[in-house]
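Engineer: So here's data_37.txt, just compact mmCIF, C-alpha atoms:
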```
# COMPACT_ATOMS: atom_id res chain seq x y z
CA MET A 25 24.28 1.35 -16.19
CA ARG A 26 22.12 -0.71 -13.86
CA THR A 27 18.87 -2.09 -15.32
CA TYR A 28 16.12 -3.05 -12.90
CA ARG A 29 13.69 -5.79 -13.93
CA ILE A 30 10.17 -5.04 -12.77
CA ALA A 31 7.20 -7.39 -13.05
CA ALA A 32 4.15 -5.35 -14.06
CA ILE A 33 0.85 -7.00 -13.10
CA PRO A 34 -2.12 -4.72 -13.92
CA GLY A 35 -4.74 -7.12 -12.57
CA ASP A 36 -8.33 -5.96 -12.86
CA GLY A 37 -10.47 -2.89 -13.44
CA ILE A 38 -8.54 0.36 -13.61
CA GLY A 39 -5.36 -1.56 -12.82
CA THR A 40 -4.45 -1.66 -16.50
CA GLU A 41 -4.93 2.09 -16.85
CA VAL A 42 -2.87 3.11 -13.83
CA ILE A 43 -0.10 0.57 -14.41
CA ASP A 44 0.28 1.78 -18.01
CA ALA A 45 0.57 5.31 -16.59
CA GLY A 46 3.04 4.15 -13.95
CA VAL A 47 5.25 2.44 -16.52
CA GLU A 48 5.31 5.61 -18.63
CA VAL A 49 6.22 7.83 -15.70
CA LEU A 50 8.86 5.48 -14.26
CA ASN A 51 10.51 5.20 -17.66
CA ALA A 52 10.49 9.00 -17.93
CA CYS A 53 12.02 9.25 -14.47
CA ALA A 54 14.77 6.76 -15.31
CA GLY A 55 15.46 8.60 -18.57
CA ARG A 56 15.80 11.89 -16.74
CA GLU A 57 18.25 10.45 -14.22
CA GLY A 58 20.32 8.69 -16.86
CA THR A 59 22.03 6.47 -14.28
CA PHE A 60 19.75 3.45 -14.45
CA ALA A 61 17.12 1.87 -16.69
CA ILE A 62 13.94 -0.07 -15.98
CA ALA A 63 12.88 -3.15 -17.96
CA PHE A 64 9.24 -4.07 -17.45
CA ASP A 65 7.94 -7.60 -17.95
CA HIS A 66 4.15 -7.59 -18.31
CA PHE A 67 1.93 -10.35 -16.92
CA ASP A 68 -1.77 -10.70 -17.78
CA TRP A 69 -2.70 -12.26 -14.46
CA GLY A 70 -6.15 -11.39 -13.18
CA SER A 71 -9.83 -12.21 -13.31
CA ALA A 72 -9.99 -12.39 -17.12
CA ARG A 73 -7.39 -15.14 -17.02
CA TYR A 74 -9.26 -16.83 -14.17
CA LYS A 75 -12.48 -16.93 -16.21
CA ARG A 76 -10.57 -18.26 -19.20
CA THR A 77 -8.36 -20.87 -17.52
CA GLY A 78 -9.60 -21.32 -13.95
CA ALA A 79 -6.49 -19.75 -12.42
CA PHE A 80 -5.42 -16.15 -11.84
CA MET A 81 -1.82 -16.99 -12.65
CA PRO A 82 -0.01 -20.09 -13.92
CA ASP A 83 1.23 -22.78 -11.59
CA ASP A 84 4.80 -21.52 -11.96
CA GLY A 85 3.76 -17.85 -11.73
CA ARG A 86 5.76 -17.05 -8.63
CA GLU A 87 8.83 -18.68 -10.12
CA GLN A 88 8.43 -16.41 -13.17
CA ILE A 89 8.64 -13.27 -11.05
CA LYS A 90 10.84 -14.47 -8.18
CA GLY A 91 13.99 -13.12 -9.80
CA HIS A 92 12.63 -9.64 -10.49
CA ASP A 93 13.87 -6.63 -8.55
CA ALA A 94 10.32 -5.55 -7.68
CA ILE A 95 6.67 -5.99 -8.63
CA LEU A 96 4.32 -3.19 -9.73
CA PHE A 97 0.75 -4.31 -9.09
CA GLY A 98 -2.50 -2.62 -10.14
CA SER A 99 -5.61 -4.05 -8.50
CA ALA A 100 -7.62 -7.21 -8.04
CA GLY A 101 -11.37 -7.81 -8.11
CA VAL A 102 -14.32 -7.91 -10.49
CA PRO A 103 -18.05 -7.78 -9.72
CA ASP A 104 -18.80 -11.31 -10.94
CA VAL A 105 -16.04 -13.14 -9.05
CA PRO A 106 -16.28 -13.36 -5.24
CA ASP A 107 -13.76 -11.02 -3.64
CA HIS A 108 -12.23 -13.71 -1.44
CA VAL A 109 -11.54 -15.86 -4.51
CA THR A 110 -9.74 -12.98 -6.22
CA LEU A 111 -7.78 -11.88 -3.16
CA TRP A 112 -6.48 -15.33 -2.28
CA GLY A 113 -5.97 -16.30 -5.89
CA LEU A 114 -3.81 -13.32 -6.86
CA ARG A 115 -2.68 -10.67 -4.41
CA LEU A 116 -2.28 -12.82 -1.31
CA ALA A 117 -0.92 -15.62 -3.50
CA ILE A 118 2.04 -13.30 -4.12
CA CYS A 119 2.32 -11.48 -0.78
CA GLN A 120 2.30 -14.45 1.55
CA PRO A 121 4.66 -16.89 -0.22
CA PHE A 122 7.08 -14.00 -0.86
CA ASP A 123 6.89 -13.17 2.86
CA GLN A 124 6.03 -9.51 2.21
CA TYR A 125 5.19 -9.11 5.86
CA ALA A 126 5.61 -5.33 6.17
CA ASN A 127 2.89 -3.35 4.42
CA VAL A 128 3.78 0.34 4.52
CA ARG A 129 1.25 3.07 3.73
CA PRO A 130 2.35 6.72 3.98
CA THR A 131 -0.29 9.42 4.25
CA ARG A 132 0.08 13.15 3.90
CA ILE A 133 -1.80 15.99 2.30
CA LEU A 134 -0.19 16.76 -1.04
CA PRO A 135 0.00 20.36 -2.35
CA GLY A 136 -3.23 21.59 -3.86
CA ILE A 137 -5.41 18.95 -2.20
CA THR A 138 -7.91 19.90 0.48
CA SER A 139 -8.30 17.46 3.35
CA PRO A 140 -11.62 16.88 5.11
CA LEU A 141 -9.55 17.67 8.21
CA ARG A 142 -8.60 21.14 6.97
CA ALA A 143 -10.03 22.72 10.14
CA VAL A 144 -7.98 20.60 12.52
CA SER A 145 -5.02 19.04 10.72
CA GLY A 146 -2.71 21.97 10.07
CA PRO A 147 0.55 20.97 8.38
CA GLU A 148 1.13 17.94 10.58
CA LEU A 149 -0.94 15.21 8.90
CA ASP A 150 2.10 13.21 7.91
CA TRP A 151 1.67 9.59 8.89
CA VAL A 152 3.05 6.18 8.03
CA ILE A 153 0.87 3.18 8.82
CA VAL A 154 2.68 -0.15 9.13
CA ARG A 155 0.43 -3.14 8.57
CA GLU A 156 1.40 -6.67 9.59
CA ASN A 157 0.90 -8.38 6.25
CA SER A 158 1.42 -12.11 6.75
CA GLU A 159 -0.78 -13.41 9.56
CA GLY A 160 -3.30 -12.04 12.06
CA GLU A 161 -6.87 -11.90 10.81
CA TYR A 162 -5.82 -12.77 7.23
CA SER A 163 -3.88 -15.90 8.09
CA GLY A 164 -6.29 -18.10 6.13
CA VAL A 165 -6.87 -20.51 9.00
CA GLY A 166 -10.47 -21.65 9.32
CA GLY A 167 -13.20 -23.42 7.40
CA ARG A 168 -16.88 -24.23 6.94
CA VAL A 169 -18.78 -27.37 7.83
CA HIS A 170 -22.40 -28.55 7.58
CA ARG A 171 -23.01 -26.27 4.59
CA GLY A 172 -26.63 -25.37 4.03
CA LEU A 173 -27.82 -26.91 7.27
CA PRO A 174 -29.17 -24.97 10.27
CA GLU A 175 -26.06 -25.91 12.23
CA GLU A 176 -23.66 -24.63 9.54
CA VAL A 177 -20.47 -23.22 11.05
CA ALA A 178 -17.84 -20.92 9.57
CA THR A 179 -14.62 -19.97 11.32
CA ASP A 180 -11.74 -17.61 10.63
CA VAL A 181 -8.93 -17.83 13.19
CA SER A 182 -6.63 -14.89 13.82
CA MET A 183 -3.10 -16.22 14.16
CA PHE A 184 -0.47 -14.25 16.06
CA THR A 185 2.98 -15.80 16.30
CA ARG A 186 5.81 -14.46 18.42
CA THR A 187 8.04 -14.39 15.35
CA GLY A 188 5.48 -12.53 13.24
CA VAL A 189 4.60 -9.94 15.87
CA GLU A 190 8.18 -9.33 16.95
CA ARG A 191 9.46 -8.71 13.44
CA ILE A 192 6.70 -6.24 12.52
CA MET A 193 7.20 -4.41 15.83
CA ARG A 194 10.94 -4.10 15.20
CA PHE A 195 10.25 -2.87 11.68
CA ALA A 196 7.80 -0.26 13.01
CA PHE A 197 10.11 0.93 15.78
CA ASP A 198 12.99 1.19 13.30
CA LEU A 199 10.81 3.23 10.95
CA ALA A 200 9.63 5.49 13.77
CA ARG A 201 13.25 5.99 14.85
CA SER A 202 14.15 7.12 11.31
CA ARG A 203 11.48 9.84 11.26
CA PRO A 204 11.95 13.27 12.89
CA ARG A 205 9.30 12.88 15.60
CA LYS A 206 10.38 9.37 16.69
CA LEU A 207 6.81 8.62 17.73
CA LEU A 208 4.98 5.29 17.39
CA THR A 209 1.40 4.32 18.18
CA VAL A 210 0.65 0.61 18.64
CA VAL A 211 -2.97 -0.14 17.74
CA THR A 212 -4.64 -3.00 19.58
CA LYS A 213 -7.96 -4.51 20.65
CA SER A 214 -6.70 -6.48 23.62
CA ASN A 215 -9.63 -5.51 25.82
CA ALA A 216 -11.79 -7.90 23.77
CA GLN A 217 -9.29 -10.23 22.09
CA ARG A 218 -7.64 -11.53 25.21
CA HIS A 219 -5.15 -13.96 23.73
CA GLY A 220 -3.64 -12.96 20.39
CA MET A 221 -3.87 -9.22 20.97
CA VAL A 222 -2.54 -9.49 24.51
CA LEU A 223 0.49 -11.25 23.03
CA TRP A 224 0.68 -8.36 20.53
CA ASP A 225 0.72 -5.84 23.38
CA GLU A 226 3.28 -7.79 25.42
CA ILE A 227 5.71 -8.11 22.53
CA ALA A 228 5.31 -4.41 21.70
CA ALA A 229 6.40 -3.57 25.25
CA GLU A 230 9.32 -6.01 25.05
CA VAL A 231 10.58 -4.59 21.75
CA ALA A 232 10.11 -1.00 22.96
CA ARG A 233 12.76 -1.52 25.62
CA GLY A 234 15.35 -1.67 22.86
CA TYR A 235 14.29 1.72 21.50
CA PRO A 236 14.61 4.20 24.37
CA ASP A 237 14.78 7.08 21.88
CA VAL A 238 11.32 6.30 20.44
CA SER A 239 8.24 7.53 22.28
CA TRP A 240 5.35 5.11 21.96
CA ASP A 241 1.80 4.72 23.10
CA LYS A 242 -0.95 2.13 22.76
CA MET A 243 -4.50 2.74 21.58
CA LEU A 244 -7.60 0.64 20.99
CA VAL A 245 -8.51 0.54 17.33
CA ASP A 246 -11.94 2.10 17.81
CA ALA A 247 -10.45 5.00 19.75
CA MET A 248 -7.80 5.32 17.05
CA THR A 249 -10.43 6.24 14.46
CA MET A 250 -11.49 9.16 16.64
CA ARG A 251 -7.91 10.22 17.23
CA MET A 252 -7.22 10.21 13.47
CA THR A 253 -10.13 12.53 12.81
CA LEU A 254 -10.04 14.78 15.89
CA ARG A 255 -6.36 14.87 16.87
CA PRO A 256 -4.40 13.97 13.74
CA GLN A 257 -1.44 16.10 14.77
CA THR A 258 -0.72 13.65 17.62
CA ILE A 259 0.02 10.80 15.19
CA ASP A 260 3.20 9.97 13.29
CA THR A 261 4.04 6.28 12.81
CA VAL A 262 1.40 3.60 13.45
CA VAL A 263 1.63 -0.19 13.62
CA ALA A 264 -1.46 -2.38 13.53
CA THR A 265 -2.63 -5.86 12.65
CA ASN A 266 -3.51 -7.01 9.17
CA LEU A 267 -7.22 -6.17 9.52
CA HIS A 268 -6.96 -3.07 11.69
CA ALA A 269 -4.32 -1.41 9.50
CA ASP A 270 -6.24 -2.32 6.36
CA ILE A 271 -9.22 -0.32 7.64
CA LEU A 272 -7.26 2.53 9.23
CA SER A 273 -5.16 3.12 6.13
CA ASP A 274 -8.27 3.54 3.97
CA LEU A 275 -9.52 6.09 6.49
CA ALA A 276 -6.13 7.79 6.37
CA ALA A 277 -6.25 8.00 2.57
CA ALA A 278 -9.72 9.52 2.66
CA LEU A 279 -8.58 12.07 5.23
CA ALA A 280 -5.71 13.01 2.91
CA GLY A 281 -8.17 13.74 0.13
CA SER A 282 -8.80 10.56 -1.88
CA LEU A 283 -8.10 6.83 -2.09
CA GLY A 284 -6.76 7.62 -5.55
CA ILE A 285 -3.56 9.19 -4.24
CA ALA A 286 -2.56 6.59 -1.63
CA PRO A 287 0.41 4.26 -2.19
CA THR A 288 1.38 0.90 -0.71
CA ALA A 289 4.59 -1.04 -0.36
CA ASN A 290 4.44 -4.76 0.46
CA LEU A 291 7.96 -5.34 1.68
CA ASN A 292 10.11 -8.35 2.30
CA PRO A 293 12.63 -6.36 4.35
CA GLU A 294 15.28 -9.09 4.23
CA ARG A 295 15.07 -9.02 0.39
CA ARG A 296 14.92 -12.79 0.04
CA PHE A 297 11.98 -12.19 -2.32
CA PRO A 298 10.90 -9.23 -4.46
CA SER A 299 8.71 -6.62 -2.81
CA MET A 300 5.46 -5.43 -4.39
CA PHE A 301 4.22 -1.86 -4.83
CA GLU A 302 0.62 -0.92 -5.55
CA PRO A 303 -1.93 1.89 -5.25
CA ILE A 304 -4.46 1.46 -2.48
CA HIS A 305 -7.63 2.21 -4.47
CA GLY A 306 -8.65 -1.20 -5.81
CA SER A 307 -10.18 -2.08 -9.16
CA ALA A 308 -12.88 0.68 -9.19
CA PHE A 309 -15.00 -0.95 -11.89
CA ASP A 310 -17.45 1.95 -11.82
CA ILE A 311 -14.91 4.14 -13.63
CA MET A 312 -13.10 1.48 -15.65
CA GLY A 313 -12.53 2.53 -19.25
CA LYS A 314 -13.54 6.15 -18.69
CA GLY A 315 -9.95 7.38 -18.59
CA ILE A 316 -10.45 9.25 -15.32
CA ALA A 317 -8.67 6.99 -12.82
CA ASN A 318 -6.27 8.91 -10.61
CA PRO A 319 -2.75 7.59 -11.31
CA VAL A 320 -1.11 9.48 -8.41
CA GLY A 321 -1.37 6.48 -6.06
CA THR A 322 0.55 4.42 -8.61
CA PHE A 323 3.15 7.16 -9.13
CA TRP A 324 3.67 7.49 -5.37
CA SER A 325 3.97 3.70 -5.14
CA GLY A 326 6.66 4.09 -7.81
CA VAL A 327 8.44 6.54 -5.52
CA MET A 328 8.47 3.90 -2.80
CA MET A 329 9.72 1.32 -5.28
CA LEU A 330 12.61 3.56 -6.35
CA GLU A 331 13.53 4.13 -2.69
CA HIS A 332 13.50 0.36 -2.13
CA LEU A 333 15.69 -0.19 -5.19
CA GLY A 334 18.28 2.22 -3.82
CA GLU A 335 17.55 5.18 -6.11
CA PRO A 336 16.76 7.95 -3.59
CA ALA A 337 17.54 10.83 -5.97
CA ALA A 338 15.13 9.51 -8.60
CA ALA A 339 12.50 8.85 -5.93
CA ALA A 340 12.79 12.40 -4.60
CA ARG A 341 12.59 13.85 -8.11
CA LEU A 342 9.45 11.84 -8.91
CA MET A 343 7.84 12.93 -5.63
CA ARG A 344 8.58 16.59 -6.46
CA ALA A 345 7.01 16.09 -9.88
CA ILE A 346 3.89 14.58 -8.30
CA GLU A 347 3.60 17.49 -5.87
CA ARG A 348 4.03 20.02 -8.66
CA VAL A 349 1.17 18.43 -10.55
CA THR A 350 -1.22 18.04 -7.60
CA ALA A 351 -0.63 21.70 -6.75
CA ASP A 352 -2.45 22.62 -9.98
CA PRO A 353 -6.23 22.15 -9.50
CA SER A 354 -6.71 21.93 -13.27
CA LEU A 355 -4.84 18.62 -13.11
CA HIS A 356 -7.11 17.04 -10.49
CA THR A 357 -9.06 13.97 -11.52
CA PRO A 358 -12.77 13.66 -10.57
CA ASP A 359 -12.04 11.91 -7.26
CA LEU A 360 -10.37 15.18 -6.20
CA GLY A 361 -13.20 17.32 -7.58
CA GLY A 362 -11.53 18.08 -10.91
CA ARG A 363 -12.01 17.16 -14.55
CA ALA A 364 -8.55 15.97 -15.59
CA THR A 365 -8.02 12.57 -17.16
CA THR A 366 -5.52 9.85 -16.35
CA ALA A 367 -3.62 10.84 -19.51
CA ASP A 368 -3.61 14.53 -18.49
CA VAL A 369 -2.03 13.79 -15.12
CA THR A 370 0.45 11.31 -16.58
CA ALA A 371 1.61 13.76 -19.26
CA ALA A 372 1.91 16.54 -16.67
CA VAL A 373 4.11 14.44 -14.39
CA CYS A 374 6.31 13.50 -17.34
CA ARG A 375 6.64 17.19 -18.27
CA ALA A 376 7.52 18.04 -14.69
CA LEU A 377 10.19 15.34 -14.64
CA ALA A 378 11.74 16.86 -17.76
CA ALA A 379 11.74 20.42 -16.38
CA ASP A 380 15.11 21.99 -15.71
CA ASN A 381 14.00 23.48 -12.40
CA LEU A 382 12.67 20.32 -10.77
```
Can I see the file as structure tokens?
Structural biologist:
Amino acid sequence: MRTYRIAAIPGDGIGTEVIDAGVEVLNACAGREGTFAIAFDHFDWGSARYKRTGAFMPDDGREQIKGHDAILFGSAGVPDVPDHVTLWGLRLAICQPFDQYANVRPTRILPGITSPLRAVSGPELDWVIVRENSEGEYSGVGGRVHRGLPEEVATDVSMFTRTGVERIMRFAFDLARSRPRKLLTVVTKSNAQRHGMVLWDEIAAEVARGYPDVSWDKMLVDAMTMRMTLRPQTIDTVVATNLHADILSDLAAALAGSLGIAPTANLNPERRFPSMFEPIHGSAFDIMGKGIANPVGTFWSGVMMLEHLGEPAAAARLMRAIERVTADPSLHTPDLGGRATTADVTAAVCRALAADNL
């Protein structure tokens, strides 16, 4: 029997609560399948460690997790530590050195959940947003000089490399080709950003020539927000820059009902490094410790992790269990307008996984 080693990093806020739930559900899923096992190694990396030691993770942290099959990550951020310190000290400190350049965020309306787009979406709100995850606006190039003086200057430089853009475009076109509609939208802002985003557009057109079976179009990011809300049925697969996709995927999650249900995969497609799977919702300190965090985003991230590990049957079973639970309004957490707890939803998914008719 194959045993997968997973690094579990709860991080901050509700991360501990949802990762605990995710570990329970993934173990239940593996037990039901009976063909593989999951061994979780737990790491206490996060803001509490930063306050205690001055670092979010040890100097050899990446070496400790480099040999794992995947990473299950909770969230990063606390109110009394600047967000940029947390992001670059933990999440990006894993994503970028492990070259997890393809961030994949599926969006669809799960059974029992009402979308704000209920009047216009129909059954076709089924998207995948591909986010370039290694460069662009989050490349980390820039600095500040003359601090505190009237002439103080701060710069952040968006970096677009031919290698980086070409590989994310190929990934997106391949993904679009694998989906029934074979439709890709390339999001841009090349009317204003006349260098990096023009390169983005040019490479998209070059790569597209190798995918004659994929229909594709190009849309400015501001117009894309209107298209997502007014014509969602025209969208299938989307590729966008690090910043643009970060924003659009949060909008997509809200349109599907809640940030609490949205998953993320940070992929190193060549598998030279482990990929990382996480819910989209963040640390949500306002509900920390109340036991009401929605664990569905973590469970769905677990589905993506199982698919990545090569366990499609287990992934499909877990997704069916999630859908069975969301279909019951009594099992909705407060973000979905219900009164269920994290424990309620977790137990219900475990029961569904054990059911003979799943």
Engineer: Pick the closest to Asp150 of chain A from A:Lys213, A:Arg201, A:His268, A:Arg132: which is it, counting all atoms listed in the file?
Structural biologist: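 Among the listed residues, A:Arg132 lies closest to Asp150 of chain A.
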Engineer: With a distance cut-off of 6 Å and all atoms listed in the file, select the neighbouring residues of segment 341-345 of chain A, excluding the residue or stretch itself and same-chain residues fewer than 2 positions from it, and output the selection as JSON, numbers by chain.
Structural biologist: {"A": [338, 339, 347, 348, 373, 376, 377]}
Engineer: Point out the residue among A:Ala277, A:Ala379, A:Leu244, A:Val320 with the least atom-to-atom distance to Val222 of chain A, counting all atoms listed in the file.
Structural biologist: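 Nearest to Val222 of chain A: A:Leu244.
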Engineer: Residues of segment 155-231 of chain A that approach segment 108-124 of chain A to 9 Å or less, counting all atoms listed in the file: could you list each one with the shortest pair of atoms and its distance in Å to one decimal, rows by chain and increasing residue number, as CSV?
Structural biologist:
```
residue,atom,partner,partner_atom,distance
A:Asn157,CA,A:Gln124,CA,6.6
A:Ser158,CA,A:Gln120,CA,5.8
A:Glu159,CA,A:Gln120,CA,8.6
A:Gly164,CA,A:Trp112,CA,8.9
```
Engineer: If we count only C-alpha atoms, what is near segment 261-264 of chain A at a cut-off of 6 Å, once residues fewer than 2 positions away on the same chain are taken out, given as an MDAnalysis selection string?
Structural biologist: chainID A and resid 151:155 200 208:211 268:269
Engineer: Any chance you could export the current selection's C-alpha atoms as a PDB file, in the coordinates of the input?
Structural biologist:
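Wrote it out as part_36.pdb, contents follow:
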```pdb
ATOM      1  CA  TRP A 151       1.670   9.590   8.890  1.00  0.00           C
ATOM      2  CA  VAL A 152       3.050   6.180   8.030  1.00  0.00           C
ATOM      3  CA  ILE A 153       0.870   3.180   8.820  1.00  0.00           C
ATOM      4  CA  VAL A 154       2.680  -0.150   9.130  1.00  0.00           C
ATOM      5  CA  ARG A 155       0.430  -3.140   8.570  1.00  0.00           C
ATOM      6  CA  ALA A 200       9.630   5.490  13.770  1.00  0.00           C
ATOM      7  CA  LEU A 208       4.980   5.290  17.390  1.00  0.00           C
ATOM      8  CA  THR A 209       1.400   4.320  18.180  1.00  0.00           C
ATOM      9  CA  VAL A 210       0.650   0.610  18.640  1.00  0.00           C
ATOM     10  CA  VAL A 211      -2.970  -0.140  17.740  1.00  0.00           C
ATOM     11  CA  HIS A 268      -6.960  -3.070  11.690  1.00  0.00           C
ATOM     12  CA  ALA A 269      -4.320  -1.410   9.500  1.00  0.00           C
TER      13      ALA A 269
END
```
Engineer: List as a VMD selection string the protein and nucleic acid residues near segment 176-179 of chain A, meaning an atom at most 6 Å away when all atoms listed in the file are counted, but skip any in the same chain fewer than 5 places from it.
Structural biologist: chain A and resid 166 to 171
Engineer: Nearest residue to Arg251 of chain A out of A:Thr185, A:Leu141, A:Gly70, A:Thr77, using only C-alpha atoms?
Structural biologist: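 The shortest atom-to-atom distance to Arg251 of chain A comes from A:Leu141.
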Engineer: If you measure from atom CA of Leu134 of chain A to atom CA of Met312 of chain A, what distance in Å do you get, rounded to one decimal?
Structural biologist: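 Pair atom CA of Leu134 of chain A / atom CA of Met312 of chain A returns 24.8 Å.
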Engineer: Determine the axis-aligned bounding box of all atoms of segment 243-258 of chain A present in the file, pad each side by 5 Å, and express its centre and edge lengths in Å to one decimal place as JSON.
Structural biologist:
```
{"center_x": -6.3, "center_y": 8.3, "center_z": 17.2, "size_x": 21.2, "size_y": 25.6, "size_z": 18.8}
```
Engineer: Fewer than 2 positions away in the same chain doesn't count, so skip those; otherwise give me all residues within 9 Å of Ala276 of chain A, counting all atoms listed in the file, as a list of chain:residue names.
Structural biologist: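 Near neighbours after the sequence-gap exclusion: A:Pro130, A:Thr131, A:Arg132, A:Trp151, A:Ile153, A:Met252, A:Thr253, A:Ile271, A:Leu272, A:Ser273, A:Asp274, A:Ala278, A:Leu279, A:Ala280, A:Gly281, A:Leu283, A:Ala286.
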